[in-house]
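To keep things clear, I will list the structure first and then write my remarks on it.
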Amino acid sequence: MSRTHVLLCAALFCVGAIPCEAQTPSSRWMDELNWVEFRALVPEKIQTVILTTGTLEPHGVINNGADNLAPVKIAEAIAADPAINALIAPHIPYGVTGSMAPYPGATHIPEAVYAAYLRAVLDSLQRNRFRNILIVNGHGGPQTAVLMDVARQFSIETGVNTLVINWWSSCADVTQRVFGNPGGHAGENETAFIQAINPKLVRRELLPQMSSTPNPPPASWQATPAPSSIGLYQAGTGNPTDFDQAKAERYFREVNACVAALVRDVLSKWQAAGFRVP
């Protein structure tokens with residue numbers, strides 16, 4: 001491209017006439033983009049957006065915002081993958097916390113309110129002409145069912161492709177491979193993921209004050225508040241006791257790779273089926 005072409009292209013882009021060749025976003029975050037840049041990018045160059053969701057709730061020795069931090073970091077890790085090429089929408093930090101809500105610092109949004117708000121956010125992303133909406137969720141419990149129901153209905157009604165990823169469940173094989181157990185809520189796996197992001201958020205000196213309990217089998221029993229802020233998927237395994245930094249960083253990398261592989265696979269199959277993926 002000649003210098004004259006570059007200057008002409010820049011001038012035309014500034015008034016929104018044409019997108020420049022090989023233009024990449026100045027940021028993957030929607031809330032850091034200027035509207036003129038966004039208009040040139042979506043949907044001509046970027047058709048996919050990542051929406052991250054979580055909540056505030058206790059997590060044993062790690063921060064109450066673990067369910068917010070984890071999906072955001074996953075989104076940052078995968079958005080620029082050429083096969084994904086996504087922008088990142090502002091995070092939804094409050095969710096359907098459920099039985100953990102009575103703990104200090106936790107929040108809870110009723111399911112009907114959360115569902116309506118989530119649907120409004122999805123509608124807004126559609127109005128901005130995204131064709132693929134990837135929801136990376138950091139919080140389990142009743143929130144997962146709400147997310148999946150809303151996303152499914154939204155897609156059927158609008159024709160926009162949606163994918164909901166509960167990262168800890170979608171990458172359960174990574175947890176088993178790295179730790180030799182299935183982990184749990186605030187267990188060895190989730191604690192390691194946060195430790196890889198920021199070791200200062202792991203308050204290992206508080207561990208003697210923490211107890212754990214196995215998650216109850218479906219429809220067996222329920223306690224509110226939950227009896228422990230550490231809920232293990234398998235009795236006797238998954239307690240955070242190791243705190244090995246190298247293992248934590250390996251887990252972080254492998255989970256990000258796992259999520260990226262899932263997204264690439266779904267996008268490619270949508271494209272093969274003709275579901276508006278360019």
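Lettering and numbering for the structure tokens are positional, with chains as A, B, ... in the shown order, residues counted from 1 in each chain, and ligands counted from 1 in the shown order.
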*asked:* Neighbouring residues of A:Ser124 were defined as those with any atom within 12 Å, considering only C-alpha atoms; residues of the same chain fewer than 6 positions away were excluded. Please report them as a list of chain:residue names.
replied: A:Val49, A:Leu51, A:Ala89, A:Tyr117, A:Leu118, A:Phe130, A:Ile133, A:Phe154, A:Thr158, A:Val160
*Using backbone DSSP assignments, extract all strand (DSSP E or B) residues from stretch 98-253 of chain A; output them as a ChimeraX atom specification.*
/A:132-137,161-166,184-185,213-214,231-232,234,237
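Using only C-alpha atoms, the protein and nucleic acid residues lying no more than 10 Å from A:Glu76, apart from those fewer than 3 places from it along its own chain, are Arg28, Trp29, Ile50, Pro71, Val72, Lys73, Ala79, Ala80, Asp81, Ala86, Leu87, Ile88 and Asn256 of chain A.
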*Residues at most 9 Å from A:Leu69, counting only C-alpha atoms, excluding those fewer than 6 positions away in the same chain, as a list in words?*
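The neighbour list is Gly54, Gly138, Ile194 and Ile197 of chain A.
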*asked:* So that I can see what lies close to A:Ala70, please list as an MDAnalysis selection string the residues with an atom at most 12 Å from it, counting only C-alpha atoms and leaving out residues fewer than 4 positions away in the same chain.
replied: chainID A and resid 52:55 62:66 74:77 91 93 136:139 166:168 189:198 252 255:256
*Find the residues near A:Gly187: any atom within 9 Å, counting only C-alpha atoms, skip ones fewer than 2 places away on the same chain, and give them as number ranges by chain.*
A: 59-60, 183-185, 189-192, 212, 230-233, 237-240
Atoms kept (N, CA and C atoms) for selection, written as a short mmCIF file (atom, residue, chain, number, x, y, z; two decimals), in the first residue's frame:
```
data_model
loop_
_atom_site.label_atom_id
_atom_site.label_comp_id
_atom_site.auth_asym_id
_atom_site.auth_seq_id
_atom_site.Cartn_x
_atom_site.Cartn_y
_atom_site.Cartn_z
N HIS A 59 -15.35 -17.78 48.42
CA HIS A 59 -14.57 -18.80 47.73
C HIS A 59 -13.42 -19.30 48.61
N GLY A 60 -13.72 -19.72 49.79
CA GLY A 60 -12.65 -20.25 50.63
C GLY A 60 -11.57 -19.23 50.87
N GLY A 183 -11.84 -31.41 41.50
CA GLY A 183 -11.87 -30.08 42.08
C GLY A 183 -13.19 -29.76 42.74
N GLY A 184 -13.61 -28.49 42.68
CA GLY A 184 -14.85 -28.08 43.30
C GLY A 184 -14.95 -26.57 43.39
N HIS A 185 -16.06 -26.10 43.94
CA HIS A 185 -16.21 -24.66 44.16
C HIS A 185 -15.18 -24.21 45.20
N ASN A 189 -8.71 -26.54 42.03
CA ASN A 189 -8.67 -26.03 40.66
C ASN A 189 -8.99 -24.54 40.58
N GLU A 190 -10.10 -24.11 41.18
CA GLU A 190 -10.48 -22.71 41.10
C GLU A 190 -9.49 -21.82 41.85
N THR A 191 -8.99 -22.32 42.96
CA THR A 191 -7.98 -21.58 43.71
C THR A 191 -6.72 -21.40 42.88
N ALA A 192 -6.32 -22.46 42.18
CA ALA A 192 -5.13 -22.38 41.34
C ALA A 192 -5.32 -21.40 40.18
N SER A 212 -14.47 -27.78 54.37
CA SER A 212 -15.06 -28.07 53.06
C SER A 212 -16.16 -29.10 53.25
N ILE A 230 -16.30 -23.80 50.63
CA ILE A 230 -15.56 -24.70 49.76
C ILE A 230 -16.43 -25.93 49.54
N GLY A 231 -16.90 -26.11 48.32
CA GLY A 231 -17.75 -27.25 48.01
C GLY A 231 -17.06 -28.17 47.03
N LEU A 232 -16.74 -29.38 47.45
CA LEU A 232 -15.97 -30.32 46.63
C LEU A 232 -16.89 -31.20 45.79
N TYR A 233 -16.44 -31.50 44.58
CA TYR A 233 -17.23 -32.36 43.70
C TYR A 233 -17.12 -33.83 44.11
N THR A 237 -11.40 -35.20 48.17
CA THR A 237 -10.41 -34.73 47.20
C THR A 237 -10.78 -33.33 46.73
N GLY A 238 -9.77 -32.57 46.34
CA GLY A 238 -10.01 -31.25 45.77
C GLY A 238 -9.79 -30.09 46.70
N ASN A 239 -9.44 -30.36 47.98
CA ASN A 239 -9.15 -29.25 48.89
C ASN A 239 -7.91 -28.50 48.43
N PRO A 240 -7.90 -27.17 48.51
CA PRO A 240 -6.71 -26.41 48.13
C PRO A 240 -5.64 -26.51 49.21
#
```
